[in-house]
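Chemist: Below is start01.cif; it holds mmCIF, C-alpha atoms and all ligand atoms.
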data_work
loop_
_atom_site.label_atom_id
_atom_site.label_comp_id
_atom_site.auth_asym_id
_atom_site.auth_seq_id
_atom_site.Cartn_x
_atom_site.Cartn_y
_atom_site.Cartn_z
CA MET A 44 -98.46 -6.79 -35.16
CA LYS A 45 -95.22 -4.89 -35.76
CA VAL A 46 -92.44 -7.40 -36.34
CA LEU A 47 -88.73 -6.63 -36.47
CA LEU A 48 -87.07 -9.43 -38.42
CA VAL A 49 -83.29 -9.81 -38.28
CA VAL A 50 -81.69 -12.15 -40.81
CA THR A 51 -78.12 -13.20 -41.46
CA HIS A 52 -76.48 -15.21 -44.19
CA PRO A 53 -73.59 -14.18 -46.43
CA ARG A 54 -75.09 -15.88 -49.51
CA GLU A 55 -77.96 -14.28 -51.38
CA ASP A 56 -79.08 -17.70 -52.73
CA SER A 57 -79.00 -19.36 -49.30
CA LEU A 58 -81.87 -21.40 -47.97
CA THR A 59 -81.84 -19.05 -44.97
CA LEU A 60 -82.85 -16.07 -47.12
CA ALA A 61 -85.41 -18.16 -49.01
CA VAL A 62 -86.97 -19.27 -45.70
CA MET A 63 -87.02 -15.67 -44.52
CA THR A 64 -88.72 -14.52 -47.75
CA ARG A 65 -91.46 -17.15 -47.49
CA PHE A 66 -92.01 -16.40 -43.80
CA VAL A 67 -92.37 -12.68 -44.59
CA GLU A 68 -94.85 -13.48 -47.38
CA GLY A 69 -96.94 -15.35 -44.83
CA LEU A 70 -96.65 -12.52 -42.30
CA LYS A 71 -97.76 -9.93 -44.85
CA GLU A 72 -100.63 -12.10 -45.99
CA ASN A 73 -101.65 -12.11 -42.33
CA LYS A 74 -101.46 -8.25 -42.33
CA HIS A 75 -98.46 -8.01 -40.03
CA GLU A 76 -96.11 -5.07 -40.50
CA VAL A 77 -92.48 -6.14 -41.03
CA ASP A 78 -89.26 -4.18 -40.58
CA ILE A 79 -86.36 -6.23 -41.99
CA LEU A 80 -82.75 -5.87 -40.90
CA ASP A 81 -80.56 -7.90 -43.25
CA LEU A 82 -77.30 -7.79 -41.34
CA ASP A 83 -75.16 -8.85 -44.31
CA ARG A 84 -76.70 -6.77 -47.08
CA ASP A 85 -77.47 -3.70 -44.93
CA GLY A 86 -73.78 -3.35 -44.09
CA TYR A 87 -74.12 -4.02 -40.36
CA ASN A 88 -70.80 -3.78 -38.51
CA PRO A 89 -70.76 -6.63 -35.95
CA VAL A 90 -67.47 -5.62 -34.34
CA TYR A 91 -67.89 -4.81 -30.68
CA SER A 92 -65.53 -1.93 -29.95
CA ALA A 93 -64.29 -0.15 -26.83
CA ALA A 94 -67.04 2.44 -27.32
CA ASP A 95 -69.68 -0.30 -26.92
CA GLU A 96 -67.99 -1.74 -23.82
CA LEU A 97 -68.13 1.54 -21.93
CA ASP A 98 -71.90 1.50 -21.83
CA TRP A 99 -72.62 -1.88 -20.26
CA ASN A 100 -72.87 -0.77 -16.61
CA THR A 101 -73.22 3.00 -16.72
CA THR A 102 -76.57 4.64 -16.04
CA HIS A 103 -76.14 7.59 -18.43
CA LYS A 104 -75.63 5.79 -21.67
CA GLN A 105 -74.38 7.38 -24.86
CA TYR A 106 -74.75 4.76 -27.54
CA ALA A 107 -73.14 5.00 -30.94
CA PRO A 108 -75.74 6.33 -33.44
CA GLU A 109 -75.91 2.97 -35.31
CA THR A 110 -76.60 1.12 -32.05
CA ARG A 111 -79.19 3.68 -30.92
CA LYS A 112 -80.90 3.31 -34.30
CA GLU A 113 -81.18 -0.48 -33.87
CA MET A 114 -82.43 -0.08 -30.30
CA ASP A 115 -85.16 2.27 -31.53
CA ARG A 116 -86.21 -0.35 -34.10
CA ILE A 117 -86.58 -2.88 -31.27
CA ALA A 118 -88.57 -0.40 -29.17
CA ALA A 119 -90.94 0.20 -32.10
CA ALA A 120 -91.62 -3.55 -32.58
CA GLU A 121 -93.93 -5.85 -30.66
CA ALA A 122 -92.23 -9.03 -31.86
CA LEU A 123 -88.65 -9.89 -32.78
CA VAL A 124 -87.85 -12.69 -35.22
CA PHE A 125 -84.35 -13.96 -36.01
CA VAL A 126 -83.64 -16.11 -39.08
CA PHE A 127 -80.17 -17.67 -39.24
CA PRO A 128 -78.19 -20.82 -40.03
CA LEU A 129 -76.90 -22.85 -37.10
CA TRP A 130 -73.13 -22.46 -37.05
CA TRP A 131 -71.18 -24.49 -34.51
CA TYR A 132 -74.43 -24.98 -32.63
CA SER A 133 -74.71 -21.27 -32.09
CA VAL A 134 -75.69 -18.09 -33.93
CA PRO A 135 -73.38 -16.82 -36.72
CA PHE A 136 -70.96 -14.04 -35.80
CA MET A 137 -73.05 -11.31 -37.47
CA LEU A 138 -75.99 -12.07 -35.21
CA LYS A 139 -73.77 -12.54 -32.17
CA GLY A 140 -72.22 -9.12 -32.82
CA TYR A 141 -75.68 -7.57 -33.17
CA LEU A 142 -76.81 -9.12 -29.86
CA ASP A 143 -73.61 -8.09 -28.08
CA LYS A 144 -73.96 -4.50 -29.24
CA VAL A 145 -77.68 -3.88 -29.35
CA TRP A 146 -79.08 -6.02 -26.54
CA ASN A 147 -77.31 -3.80 -24.05
CA LYS A 148 -78.31 -3.66 -20.41
CA GLY A 149 -79.81 -0.20 -20.97
CA LEU A 150 -82.40 -1.78 -23.26
CA LEU A 151 -83.39 -4.71 -21.06
CA GLN A 152 -86.56 -3.04 -19.77
CA GLU A 153 -87.83 -2.99 -23.37
CA PHE A 154 -87.77 -6.78 -23.65
CA THR A 155 -90.34 -7.48 -20.95
CA THR A 156 -93.09 -6.70 -23.46
CA LYS A 157 -91.58 -8.50 -26.46
CA GLN A 158 -92.00 -11.94 -27.92
CA VAL A 159 -89.11 -13.54 -29.76
CA LEU A 160 -88.98 -16.27 -32.39
CA TRP A 161 -85.65 -17.85 -33.34
CA MET A 162 -85.86 -19.51 -36.78
CA CYS A 163 -82.80 -21.71 -36.84
CA LEU A 164 -81.68 -23.62 -39.96
CA ALA A 165 -79.65 -26.71 -39.11
CA GLY A 166 -77.69 -28.95 -41.47
CA GLY A 167 -78.19 -31.86 -39.08
CA THR A 168 -81.30 -34.02 -38.95
CA LYS A 169 -83.75 -33.80 -36.05
CA GLU A 170 -82.65 -37.28 -34.89
CA HIS A 171 -78.99 -36.25 -34.93
CA LEU A 172 -79.62 -33.06 -32.96
CA ILE A 173 -81.69 -34.89 -30.37
CA LYS A 174 -79.31 -37.86 -30.10
CA TYR A 175 -76.30 -35.66 -29.32
CA GLU A 176 -78.32 -33.26 -27.13
CA TYR A 177 -77.69 -30.33 -29.47
CA HIS A 178 -81.42 -29.71 -29.71
CA ASP A 179 -81.72 -28.99 -25.98
CA LEU A 180 -78.41 -27.16 -25.91
CA VAL A 181 -79.43 -24.71 -28.63
CA THR A 182 -82.98 -24.31 -27.31
CA SER A 183 -81.74 -23.54 -23.78
CA TYR A 184 -79.09 -21.19 -25.09
CA LEU A 185 -81.55 -19.14 -27.13
CA ASN A 186 -84.56 -19.28 -24.79
CA LYS A 187 -82.79 -19.13 -21.44
CA ALA A 188 -79.29 -17.75 -21.79
CA ILE A 189 -80.23 -15.00 -24.22
CA ALA A 190 -83.97 -14.27 -24.15
CA GLY A 191 -84.45 -15.37 -20.53
CA TYR A 192 -81.56 -13.30 -19.29
CA ALA A 193 -82.91 -10.30 -21.21
CA ARG A 194 -86.35 -10.84 -19.56
CA VAL A 195 -88.10 -11.39 -22.88
CA ARG A 196 -91.81 -12.09 -22.29
CA GLU A 197 -91.94 -15.17 -24.52
CA SER A 198 -89.25 -16.92 -26.54
CA LYS A 199 -89.61 -19.83 -28.96
CA VAL A 200 -87.22 -21.73 -31.21
CA GLU A 201 -88.30 -23.15 -34.55
CA PHE A 202 -85.79 -25.52 -36.14
CA PHE A 203 -85.54 -26.19 -39.85
CA TYR A 204 -83.65 -29.51 -39.91
CA ASP A 205 -81.64 -31.31 -42.55
CA THR A 206 -81.19 -28.18 -44.66
CA LEU A 207 -78.46 -29.74 -46.78
CA SER A 208 -80.83 -32.45 -48.02
CA GLU A 209 -80.63 -33.11 -51.76
CA SER A 210 -84.33 -33.83 -51.94
CA LYS A 211 -85.99 -30.95 -53.77
CA GLU A 212 -89.33 -32.03 -52.40
CA TYR A 213 -88.07 -31.85 -48.84
CA ILE A 214 -86.65 -28.32 -49.32
CA VAL A 215 -89.93 -27.17 -50.88
CA GLY A 216 -91.59 -28.55 -47.75
CA LEU A 217 -89.32 -26.45 -45.52
CA LEU A 218 -90.21 -23.32 -47.50
CA GLU A 219 -93.90 -24.11 -47.25
CA HIS A 220 -93.46 -24.60 -43.51
CA ALA A 221 -91.86 -21.13 -43.28
CA TYR A 222 -94.81 -19.63 -45.18
CA GLN A 223 -97.34 -21.38 -42.91
CA LEU A 224 -95.48 -20.15 -39.82
CA GLY A 225 -95.74 -16.58 -41.10
CA LEU A 226 -99.38 -17.05 -41.93
CA ALA A 227 -100.21 -18.42 -38.48
CA TYR A 228 -97.97 -16.01 -36.58
CA LYS A 229 -99.55 -14.20 -33.64
C1 LIG A 301 -69.47 -22.37 -40.55
C2 LIG A 301 -70.59 -23.36 -40.55
C3 LIG A 301 -70.90 -24.03 -39.38
C4 LIG A 301 -71.97 -24.93 -39.34
N1 LIG A 301 -72.29 -25.55 -38.16
C5 LIG A 301 -73.36 -26.35 -38.10
C6 LIG A 301 -73.75 -26.93 -36.86
O1 LIG A 301 -73.14 -26.70 -35.82
N2 LIG A 301 -74.85 -27.74 -36.85
C7 LIG A 301 -75.59 -28.00 -37.97
O2 LIG A 301 -76.57 -28.73 -37.88
N3 LIG A 301 -75.25 -27.45 -39.16
C8 LIG A 301 -74.16 -26.63 -39.25
N4 LIG A 301 -73.81 -26.04 -40.44
C9 LIG A 301 -74.69 -26.23 -41.59
C10 LIG A 301 -75.65 -25.05 -41.73
O3 LIG A 301 -76.54 -25.00 -40.65
C11 LIG A 301 -76.36 -25.15 -43.07
O4 LIG A 301 -75.42 -24.81 -44.03
C12 LIG A 301 -77.53 -24.28 -43.24
O5 LIG A 301 -78.55 -24.61 -42.35
C13 LIG A 301 -78.03 -24.51 -44.68
O6 LIG A 301 -78.71 -23.43 -45.13
P1 LIG A 301 -78.04 -22.28 -46.00
O7 LIG A 301 -78.12 -22.66 -47.47
O8 LIG A 301 -78.90 -21.11 -45.70
O9 LIG A 301 -76.62 -22.16 -45.54
C14 LIG A 301 -72.73 -25.17 -40.52
C15 LIG A 301 -72.39 -24.49 -41.71
C16 LIG A 301 -71.34 -23.61 -41.72
C17 LIG A 301 -71.01 -22.88 -43.01
#
What does this structure look like when you write it as structure tokens?
Ligand SMILES: Cc1cc2nc3c(=O)[nH]c(=O)nc-3n(C[C@H](O)[C@H](O)[C@H](O)COP(=O)(O)O)c2cc1C

Modeler:
Amino acid sequence: MKVLLVVTHPREDSLTLAVMTRFVEGLKENKHEVDILDLDRDGYNPVYSAADELDWNTTHKQYAPETRKEMDRIAAAEALVFVFPLWWYSVPFMLKGYLDKVWNKGLLQEFTTKQVLWMCLAGGTKEHLIKYEYHDLVTSYLNKAIAGYARVRESKVEFFYDTLSESKEYIVGLLEHAYQLGLAYK
């Protein structure tokens, strides 16, 4: 399968990038083709400007070349995967800017054939997220408010909990989980 993977984290040594790397290793092992957009290191500009706003409701759309390029990458992929840290129970600004700019109404038809996986790294434990209803909040936001609204064929959220744990063993387990997810991805 052709997978477009979008990742964001400002730090090169972040767990987010390590999880992404292991997931991609699994994907490749499983013979999937991966196109990686690293929003931070590829110099993506997340600022939504007046030029982007003009296009939301018009039928004859003239996207900025950078936005058109990202839309073409989506069109060429069968699956979209996002890897990101949970920030304020939402996606970080880089990813939000990407979604605001690239998931434009003119592209919505494209999504009906796509599957999306949101790989979300959370500092909180599973129990904490469930207890305070953040688990359902984030899942509904990603699956319904974003992917559902965009008419994505299938959307799933995979949480990586307790990412600030000081247990080396636990972190190794998270990385192994990412690898296994890539390996089993279909
Ligand atoms: C600005 C900011 C906001 C954060 N907000 C949350 C949050 O809402 N919920 C949560 O569980 N963790 C939160 N965290 C913790 C991150 O999710 C955590 O740092 C990340 O999962 C750890 O992986 P990393 O090394 O890739 O950053 C936040 C961290 C930062 C820097």

Chemist: My list of candidates is A:Arg116, A:Arg111, A:Lys148, A:Lys169. Which is closest to ligand LIG 301 (chain A) when distances are computed with all atoms listed in the file?

Modeler: A:Lys169

Chemist: For ligand LIG 301 (chain A), which residue out of A:Val77, A:Val159, A:Val215, A:Leu207 is the nearest one, using only C-alpha atoms and all ligand atoms?

Modeler: A:Leu207

Chemist: Rank A:Asp205, A:Glu76, A:Glu113, A:Glu68 by their smallest atom-to-atom distance to ligand LIG 301 (chain A), using only C-alpha atoms and all ligand atoms, and report the top residue only.

Modeler: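 Going through A:Asp205, A:Glu76, A:Glu113, A:Glu68 one by one, the smallest distance to ligand LIG 301 (chain A) is for A:Asp205.
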
Chemist: Using all atoms listed in the file, which of A:Lys144, A:Lys199, A:His52, A:His171 sits nearest Pro128 in chain A?

Modeler: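 Among the listed residues, the smallest separation from Pro128 in chain A belongs to A:His52.
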
Chemist: Which chains and residue numbers are within 6 Å of ligand LIG 301 (chain A), counting all atoms listed in the file, if I want them as an mmCIF file with C-alpha atoms, in the frame of the given file?

Modeler:
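Wrote it out as pocket17.cif, contents follow:
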data_model
loop_
_atom_site.group_PDB
_atom_site.id
_atom_site.type_symbol
_atom_site.label_atom_id
_atom_site.label_comp_id
_atom_site.auth_asym_id
_atom_site.auth_seq_id
_atom_site.Cartn_x
_atom_site.Cartn_y
_atom_site.Cartn_z
ATOM 1 C CA SER A 57 -79.000 -19.360 -49.300
ATOM 2 C CA LEU A 58 -81.870 -21.400 -47.970
ATOM 3 C CA THR A 59 -81.840 -19.050 -44.970
ATOM 4 C CA PRO A 128 -78.190 -20.820 -40.030
ATOM 5 C CA LEU A 129 -76.900 -22.850 -37.100
ATOM 6 C CA TRP A 130 -73.130 -22.460 -37.050
ATOM 7 C CA TRP A 131 -71.180 -24.490 -34.510
ATOM 8 C CA TYR A 132 -74.430 -24.980 -32.630
ATOM 9 C CA LEU A 164 -81.680 -23.620 -39.960
ATOM 10 C CA ALA A 165 -79.650 -26.710 -39.110
ATOM 11 C CA GLY A 166 -77.690 -28.950 -41.470
ATOM 12 C CA GLY A 167 -78.190 -31.860 -39.080
ATOM 13 C CA THR A 206 -81.190 -28.180 -44.660
ATOM 14 C CA LEU A 207 -78.460 -29.740 -46.780
#

Chemist: Which residues are close to Val124 in chain A, i.e. within 9 Å by only C-alpha atoms, leaving aside same-chain residues fewer than 3 positions away? Reply as a PyMOL selection string.

Modeler: chain A and resi 46-50+158-162

Chemist: Restricting the calculation to only C-alpha atoms: of A:Leu226, A:Leu150, A:Ile117, A:Val181, which residue gets closest to Lys45 in chain A?

Modeler: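 Of all the options, A:Ile117 lies closest to Lys45 in chain A.
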
Chemist: Show me, as a PyMOL selection string, the residues that have an atom within 12 Å of Leu151 in chain A when counting only C-alpha atoms, minus same-chain residues fewer than 6 positions from it.

Modeler: chain A and resi 99+114+117-118+142+145+157+189-196

Chemist: Give the answer as one residue: which of A:Leu123, A:Lys104, A:Arg65, A:Ala93 has the shortest atom-to-atom distance to Asp78 in chain A, using all atoms listed in the file?

Modeler: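 Among A:Leu123, A:Lys104, A:Arg65, A:Ala93, it is A:Leu123 that comes nearest to Asp78 in chain A.
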
Chemist: For the atom pair CA of Tyr184 in chain A and CA of Thr155 in chain A, what is the interatomic distance in Å to one decimal place?

Modeler: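 Separating CA of Tyr184 in chain A from CA of Thr155 in chain A is a distance of 18.2 Å.
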
Chemist: How far is it from CA of Val67 in chain A to CA of Gln152 in chain A, in Å with one decimal?

Modeler: 27.3 Å

Chemist: Rounded to one decimal in Å, what is the spacing between CA of Arg54 in chain A and CA of Gly216 in chain A?

Modeler: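 Answer for the CA of Arg54 in chain A to CA of Gly216 in chain A separation: 20.9 Å.
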
Chemist: May I have the centre and edge lengths, in Å to one decimal, of an axis-aligned box around the listed atoms of range 61-68 of chain A with 4 Å added to every side, as JSON?

Modeler:
{"center_x": -90.1, "center_y": -16.0, "center_z": -46.4, "size_x": 17.4, "size_y": 14.6, "size_z": 13.2}

Chemist: Using only C-alpha atoms, which protein or nucleic acid residues come within 8 Å of Ala227 in chain A? Drop anything in the same chain fewer than 5 positions from it, and give the result as a VMD selection string.

Modeler: chain A and resid 69 to 70 73
